[in-house]
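Here's model-v8.tsv, which has TSV, C-alpha atoms:
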```tsv
chain	number	residue	atom	x	y	z
A	1093	MET	CA	-31.81	3.05	30.44
A	1094	GLU	CA	-29.53	4.88	28.00
A	1095	ARG	CA	-25.95	3.73	27.97
A	1096	LYS	CA	-23.40	6.39	28.87
A	1097	THR	CA	-19.66	6.25	29.35
A	1098	ARG	CA	-18.33	7.36	32.71
A	1099	GLU	CA	-16.40	10.17	31.01
A	1100	GLN	CA	-18.71	12.30	28.86
A	1101	GLN	CA	-16.26	12.89	25.98
A	1102	TYR	CA	-16.31	9.16	25.12
A	1103	ASN	CA	-20.04	9.02	24.43
A	1104	ILE	CA	-19.31	9.82	20.79
A	1105	MET	CA	-17.84	6.32	20.53
A	1106	LEU	CA	-21.17	4.78	21.53
A	1107	GLU	CA	-23.03	7.09	19.14
A	1108	LYS	CA	-20.84	6.10	16.17
A	1109	ALA	CA	-21.21	2.41	16.98
A	1110	GLU	CA	-24.98	2.66	17.38
A	1111	HIS	CA	-25.59	4.69	14.20
A	1112	GLY	CA	-22.90	3.37	11.87
A	1113	GLY	CA	-21.98	0.02	13.38
A	1114	LEU	CA	-18.47	-1.21	14.10
A	1115	THR	CA	-15.89	-1.25	11.34
A	1116	THR	CA	-14.81	-4.75	10.35
A	1117	PHE	CA	-11.42	-5.93	9.19
A	1118	GLY	CA	-10.90	-6.89	5.57
A	1119	LEU	CA	-9.87	-10.37	4.48
A	1120	MET	CA	-6.12	-9.80	4.73
A	1121	THR	CA	-6.12	-7.66	7.86
A	1122	ASN	CA	-8.44	-10.10	9.60
A	1123	GLN	CA	-5.96	-12.92	9.02
A	1124	ALA	CA	-3.06	-10.76	10.23
A	1125	TRP	CA	-4.95	-9.67	13.34
A	1126	ASP	CA	-5.69	-13.30	14.18
A	1127	ASP	CA	-2.23	-14.74	13.44
A	1128	ASP	CA	0.22	-11.88	14.04
A	1129	PRO	CA	-1.40	-8.68	15.42
A	1130	LYS	CA	1.80	-6.62	15.46
A	1131	ARG	CA	2.03	-6.97	11.69
A	1132	LEU	CA	-0.80	-4.44	11.35
A	1133	ALA	CA	1.35	-1.83	13.08
A	1134	PHE	CA	3.99	-2.31	10.38
A	1135	THR	CA	1.39	-2.14	7.61
A	1136	PHE	CA	-0.24	1.03	8.93
A	1137	SER	CA	3.14	2.75	9.34
A	1138	ARG	CA	3.99	2.03	5.69
A	1139	TYR	CA	0.71	3.54	4.57
A	1140	LYS	CA	1.30	6.56	6.79
A	1141	PHE	CA	4.69	7.07	5.12
A	1142	VAL	CA	2.98	6.99	1.72
A	1143	ALA	CA	0.18	9.27	2.93
A	1144	LYS	CA	2.55	11.97	4.11
A	1145	LEU	CA	4.55	11.94	0.88
A	1146	MET	CA	1.39	11.96	-1.25
A	1147	SER	CA	-0.34	14.61	0.87
A	1148	GLY	CA	-2.17	17.26	-1.16
A	1149	ARG	CA	-2.15	15.39	-4.47
A	1150	LYS	CA	-5.43	15.28	-6.36
A	1151	ARG	CA	-5.40	11.88	-8.07
A	1152	VAL	CA	-3.53	8.95	-6.55
A	1153	LEU	CA	-3.51	5.29	-7.56
A	1154	GLU	CA	-2.80	2.30	-5.33
A	1155	ILE	CA	-1.72	-0.86	-7.18
A	1156	GLY	CA	-2.38	-4.15	-5.39
A	1157	CYS	CA	-4.70	-2.82	-2.69
A	1158	ALA	CA	-5.79	-6.23	-1.31
A	1159	ASP	CA	-8.54	-5.49	1.25
A	1160	ALA	CA	-7.66	-1.74	1.26
A	1161	LEU	CA	-8.29	-1.34	5.00
A	1162	ALA	CA	-5.14	0.79	5.41
A	1163	SER	CA	-5.83	2.68	2.17
A	1164	ARG	CA	-8.03	5.03	4.17
A	1165	ILE	CA	-4.84	6.45	5.73
A	1166	VAL	CA	-3.78	7.64	2.27
A	1167	ARG	CA	-7.31	8.72	1.36
A	1168	GLN	CA	-7.23	11.04	4.36
A	1169	GLU	CA	-4.39	13.03	2.74
A	1170	VAL	CA	-5.39	13.08	-0.95
A	1171	GLU	CA	-8.36	14.39	-2.89
A	1172	ASP	CA	-9.15	11.23	-4.84
A	1173	LEU	CA	-7.82	7.69	-4.36
A	1174	THR	CA	-8.24	4.84	-6.83
A	1175	ALA	CA	-7.34	1.33	-5.64
A	1176	ILE	CA	-6.91	-1.66	-7.93
A	1177	ASP	CA	-6.13	-5.33	-7.50
A	1178	PHE	CA	-5.99	-8.21	-9.95
A	1179	ASP	CA	-8.00	-10.46	-7.59
A	1180	PRO	CA	-11.81	-9.96	-7.71
A	1181	ILE	CA	-12.15	-11.49	-4.25
A	1182	PHE	CA	-10.33	-8.55	-2.70
A	1183	ILE	CA	-12.18	-5.92	-4.72
A	1184	ASP	CA	-15.54	-7.43	-3.75
A	1185	ASP	CA	-14.42	-7.29	-0.11
A	1186	VAL	CA	-13.39	-3.62	-0.43
A	1187	LYS	CA	-16.69	-2.63	-1.99
A	1188	ALA	CA	-18.69	-4.49	0.66
A	1189	ARG	CA	-17.00	-2.48	3.43
A	1190	MET	CA	-16.83	0.90	1.69
A	1191	SER	CA	-17.55	3.88	3.93
A	1192	PRO	CA	-19.37	6.86	2.37
A	1193	LYS	CA	-17.20	9.10	4.57
A	1194	TRP	CA	-14.01	7.74	2.99
A	1195	PRO	CA	-14.91	6.93	-0.65
A	1196	ILE	CA	-12.34	5.09	-2.76
A	1197	THR	CA	-12.76	4.16	-6.41
A	1198	CYS	CA	-11.82	0.50	-6.74
A	1199	PHE	CA	-11.90	-2.02	-9.55
A	1200	VAL	CA	-10.21	-5.16	-10.83
A	1201	HIS	CA	-7.17	-4.61	-13.03
A	1202	ASP	CA	-4.20	-6.78	-13.96
A	1203	MET	CA	-1.10	-4.62	-14.44
A	1204	LEU	CA	0.42	-7.22	-16.73
A	1205	LYS	CA	-2.47	-6.80	-19.17
A	1206	GLY	CA	-2.04	-3.06	-19.69
A	1207	PRO	CA	-1.89	0.36	-17.97
A	1208	PRO	CA	-4.79	1.22	-15.68
A	1209	PRO	CA	-7.17	3.83	-17.08
A	1210	GLY	CA	-6.57	7.44	-16.13
A	1211	ASN	CA	-3.59	9.60	-15.25
A	1212	TYR	CA	-2.34	10.08	-11.73
A	1213	GLN	CA	-0.17	12.54	-9.84
A	1214	GLY	CA	0.93	9.79	-7.51
A	1215	ILE	CA	1.10	5.99	-7.71
A	1216	TYR	CA	2.11	3.54	-4.99
A	1217	ALA	CA	2.41	-0.22	-4.69
A	1218	LEU	CA	3.19	-1.83	-1.35
A	1219	ASP	CA	4.03	-5.54	-1.16
A	1220	VAL	CA	3.37	-6.04	-4.86
A	1221	LEU	CA	6.61	-6.06	-6.84
A	1222	GLU	CA	7.94	-9.13	-5.02
A	1223	HIS	CA	4.95	-11.05	-6.43
A	1224	ILE	CA	5.78	-10.11	-10.02
A	1225	ARG	CA	7.97	-12.65	-11.81
A	1226	PRO	CA	11.31	-11.19	-12.95
A	1227	GLU	CA	10.42	-11.82	-16.58
A	1228	ASP	CA	7.20	-9.76	-16.12
A	1229	GLU	CA	8.76	-6.91	-14.16
A	1230	ALA	CA	9.40	-4.67	-17.19
A	1231	VAL	CA	5.78	-4.97	-18.30
A	1232	PHE	CA	4.52	-4.15	-14.81
A	1233	LEU	CA	6.75	-1.08	-14.41
A	1234	THR	CA	6.15	0.17	-17.95
A	1235	ASN	CA	2.39	0.01	-17.45
A	1236	MET	CA	2.70	1.72	-14.08
A	1237	VAL	CA	4.77	4.59	-15.44
A	1238	SER	CA	2.40	5.00	-18.40
A	1239	SER	CA	-0.34	6.14	-16.02
A	1240	LEU	CA	1.87	8.55	-14.07
A	1241	GLU	CA	1.80	12.23	-14.96
A	1242	PRO	CA	5.14	13.75	-16.09
A	1243	HIS	CA	5.85	15.30	-12.69
A	1244	GLY	CA	4.17	12.55	-10.69
A	1245	VAL	CA	5.67	10.56	-7.84
A	1246	ALA	CA	5.74	6.77	-7.40
A	1247	ILE	CA	6.44	4.82	-4.21
A	1248	LEU	CA	7.17	1.11	-4.18
A	1249	GLY	CA	7.57	-0.93	-1.01
A	1250	MET	CA	8.71	-4.53	-0.69
A	1251	PRO	CA	10.35	-6.92	1.79
A	1252	SER	CA	14.11	-6.95	1.45
A	1253	LEU	CA	15.84	-9.99	0.03
A	1254	GLU	CA	17.81	-10.30	3.27
A	1255	SER	CA	14.61	-10.47	5.35
A	1256	GLN	CA	13.30	-13.61	3.67
A	1257	ALA	CA	15.32	-15.94	5.89
A	1258	TYR	CA	13.18	-14.73	8.82
A	1259	ALA	CA	9.82	-14.36	7.09
A	1260	SER	CA	6.82	-16.51	7.98
A	1261	PRO	CA	5.66	-19.15	5.47
A	1262	ILE	CA	2.56	-17.13	4.54
A	1263	SER	CA	4.73	-14.04	3.97
A	1264	ARG	CA	7.17	-15.93	1.77
A	1265	ALA	CA	4.47	-17.61	-0.28
A	1266	GLY	CA	4.27	-15.93	-3.65
A	1267	HIS	CA	7.49	-13.96	-3.17
A	1268	VAL	CA	9.25	-14.63	-6.46
A	1269	ASN	CA	11.10	-11.35	-6.91
A	1270	CYS	CA	12.49	-10.01	-3.62
A	1271	LYS	CA	15.45	-7.68	-3.98
A	1272	SER	CA	18.29	-6.12	-2.06
A	1273	MET	CA	18.35	-2.33	-1.91
A	1274	PRO	CA	20.90	-1.97	-4.74
A	1275	GLN	CA	18.88	-4.36	-6.90
A	1276	LEU	CA	15.65	-2.45	-6.31
A	1277	LYS	CA	17.29	0.86	-7.13
A	1278	SER	CA	18.83	-0.62	-10.28
A	1279	SER	CA	15.45	-2.03	-11.38
A	1280	LEU	CA	13.70	1.35	-11.06
A	1281	GLU	CA	16.33	3.68	-12.49
A	1282	PRO	CA	15.52	2.86	-16.15
A	1283	TYR	CA	12.05	4.33	-15.51
A	1284	PHE	CA	12.88	7.35	-13.31
A	1285	HIS	CA	15.61	9.99	-13.27
A	1286	ASN	CA	15.62	9.98	-9.45
A	1287	VAL	CA	15.19	6.95	-7.19
A	1288	PHE	CA	15.64	7.27	-3.41
A	1289	VAL	CA	15.49	4.02	-1.43
A	1290	PHE	CA	14.93	3.92	2.32
A	1291	SER	CA	15.33	1.09	4.79
A	1292	MET	CA	12.55	0.12	7.15
A	1293	ASN	CA	12.56	-1.93	10.35
A	1294	ASP	CA	9.23	-2.46	12.09
A	1295	GLU	CA	7.57	0.99	12.02
A	1296	ILE	CA	10.79	2.98	11.51
A	1297	VAL	CA	11.84	4.34	8.10
A	1298	HIS	CA	15.53	5.23	8.04
A	1299	THR	CA	18.70	5.50	5.97
A	1300	GLY	CA	20.61	2.84	7.90
A	1301	TYR	CA	22.52	-0.18	6.67
A	1302	HIS	CA	20.33	-1.74	4.00
A	1303	LYS	CA	21.39	-5.34	4.60
A	1304	MET	CA	19.77	-5.15	8.05
A	1305	ALA	CA	16.50	-3.74	6.69
A	1306	GLN	CA	13.32	-5.82	6.86
A	1307	TYR	CA	11.61	-3.71	4.24
A	1308	LEU	CA	12.52	-1.26	1.48
A	1309	MET	CA	10.71	1.93	0.39
A	1310	ALA	CA	11.63	3.44	-2.98
A	1311	LEU	CA	10.61	7.02	-3.75
A	1312	CYS	CA	10.72	7.62	-7.51
A	1313	CYS	CA	10.56	11.04	-9.18
A	1314	SER	CA	10.83	12.47	-12.71
A	1315	LYS	CA	9.83	9.60	-14.96
A	1316	ARG	CA	11.94	9.01	-18.06
```

Could you write out this structure as structure tokens?
Amino acid sequence: MERKTREQQYNIMLEKAEHGGLTTFGLMTNQAWDDDPKRLAFTFSRYKFVAKLMSGRKRVLEIGCADALASRIVRQEVEDLTAIDFDPIFIDDVKARMSPKWPITCFVHDMLKGPPPGNYQGIYALDVLEHIRPEDEAVFLTNMVSSLEPHGVAILGMPSLESQAYASPISRAGHVNCKSMPQLKSSLEPYFHNVFVFSMNDEIVHTGYHKMAQYLMALCCSKR
């Protein structure tokens, strides 16, 4: 007997599951869903913020994509999305779960070894800069800017320095370069004429008191 939902409009859900299977989490999102489910709401909201600001751009690059599950939110708004990570484990995971409906170009690249190939109208890196040692920061940012078109836009997101006292051990691990809002702005201004930094608490992006922010979002325009 054919399975049917009690409300007809929901049968499409059964059809998608039967023909395309159920989407699986990636390595990072699977761990978050198991240990701290609400964290995914924060992650998705950050990607939505990026997606809306990048909307309509043709070529966009994500640096440090990890399992790229949330990258589809940005892909929905741009013509072409390239996602890179320096860890082959994550790139293999992304490729294994790639959907033909939402194609993303992905490959292994270490930003400290050189600029990624290609030129992009938009570049973003979420939860990456805090993993870059202070002595390597200039190399990372120089290589990032080298791949950005003259009128391109860059967005960088990172946990605030003030939030680290409340972060979980797995969140703090590898965080060697967290910054306060003034420090982040100061770090990016040598590379861009305009740097706008927003505070973020949970899913809310705002212009409130930066010392109470859990997360920082920097919008960078007009590269130097």

Pick out the residues sitting within 12 Å of Asp1184 of chain A, and hand them over as a list in words; count all atoms listed in the file, and ignore anything fewer than 5 positions along from it in its own chain. Gly1118, Leu1119, Cys1157, Ala1158, Asp1159, Ala1160, Ile1176, Asp1177, Phe1178, Asp1179, Arg1189, Met1190, Cys1198, Phe1199 and Val1200 of chain A

Every residue with an atom at most 6 Å from (-6.9, 2.2, -5.3) (file coordinates; all atoms listed in the file) is what I'm after, so could you write them as a JSON list (two decimals) with C-alpha atoms, keeping the file's coordinate frame?
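Once everything was written out, this is point_16.json:
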```
[["chain", "number", "residue", "atom", "x", "y", "z"],
["A", 1153, "LEU", "CA", -3.51, 5.29, -7.56],
["A", 1154, "GLU", "CA", -2.80, 2.30, -5.33],
["A", 1173, "LEU", "CA", -7.82, 7.69, -4.36],
["A", 1174, "THR", "CA", -8.24, 4.84, -6.83],
["A", 1175, "ALA", "CA", -7.34, 1.33, -5.64],
["A", 1176, "ILE", "CA", -6.91, -1.66, -7.93],
["A", 1198, "CYS", "CA", -11.82, 0.50, -6.74]]
```

Looking at A:Tyr1258, A:Tyr1216, A:Phe1284, A:Phe1290, which one is nearest to His1243 of chain A, with distances taken over all atoms listed in the file? A:Phe1284

Residues at most 10 Å from Val1142 of chain A, counting only C-alpha atoms, excluding those fewer than 3 positions away in the same chain, as a ChimeraX atom specification? /A:1136-1139,1145-1147,1163,1165-1166,1169,1214-1218,1246-1249,1309,1311

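Taking atom CA of Asp1228 of chain A and atom CA of Ala1257 of chain A as endpoints, the distance between them is 24.3 Å.
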
Could you name the residues that touch His1298 of chain A at 12 Å or less, counting all atoms listed in the file, but leaving out those on the same chain fewer than 6 positions away, as a PyMOL selection string? chain A and resi 1141+1288-1292+1304-1310

Restricting the calculation to all atoms listed in the file: of A:Ile1181, A:Leu1161, A:Leu1106, A:Ile1224, which residue gets closest to Trp1194 of chain A? A:Leu1161

Give me the residues near Pro1242 of chain A as JSON, numbers by chain, where near means some atom within 10 Å (using all atoms listed in the file) and where sequence neighbours in that chain fewer than 4 positions away do not count. {"A": [1211, 1212, 1213, 1237, 1238, 1313, 1314, 1315, 1316]}

Using only C-alpha atoms, find the one residue out of A:Thr1116, A:Gln1168, A:Thr1234, A:Thr1135 that sits nearest to Met1250 of chain A. A:Thr1135

Shortest interatomic distance to Glu1281 of chain A - which of A:Asp1128, A:Leu1114, A:Thr1197, A:Cys1312, counting all atoms listed in the file: A:Cys1312

Cut-off 10 Å around (-23.6, 5.3, 28.5) with only C-alpha atoms: residues as a PyMOL selection string: chain A and resi 1093-1100+1102-1107

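A straight line drawn from atom CA of Leu1276 of chain A to atom CA of Ile1196 of chain A is 29.2 Å long.
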
For Leu1253 of chain A, the nearest of the candidates A:Cys1270, A:Ser1239, A:His1111, A:Ala1230, counting all atoms listed in the file: A:Cys1270

Taking 5 positions as the minimum chain separation for residues in the same chain, which residues sit within 12 Å of Asp1127 of chain A when counting only C-alpha atoms? Answer as a PDB file with C-alpha atoms, in the coordinates of the input.
```
ATOM      1  CA  MET A1120      -6.120  -9.800   4.730  1.00  0.00           C
ATOM      2  CA  THR A1121      -6.120  -7.660   7.860  1.00  0.00           C
ATOM      3  CA  ASN A1122      -8.440 -10.100   9.600  1.00  0.00           C
ATOM      4  CA  LEU A1132      -0.800  -4.440  11.350  1.00  0.00           C
ATOM      5  CA  SER A1260       6.820 -16.510   7.980  1.00  0.00           C
ATOM      6  CA  ILE A1262       2.560 -17.130   4.540  1.00  0.00           C
ATOM      7  CA  SER A1263       4.730 -14.040   3.970  1.00  0.00           C
TER       8      SER A1263
END
```

Padded axis-aligned box of segment 1229-1244 of chain A (5 Å per side), centre and edge lengths, Å, one decimal, as lines of an AutoDock Vina configuration file:
```
center_x = 4.5
center_y = 4.2
center_z = -14.5
size_x = 19.7
size_y = 32.2
size_z = 17.7
```

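Considering all atoms listed in the file, the residue among A:Val1268, A:Ser1252, A:Glu1229, A:Tyr1301 positioned nearest to Leu1280 of chain A is A:Glu1229.
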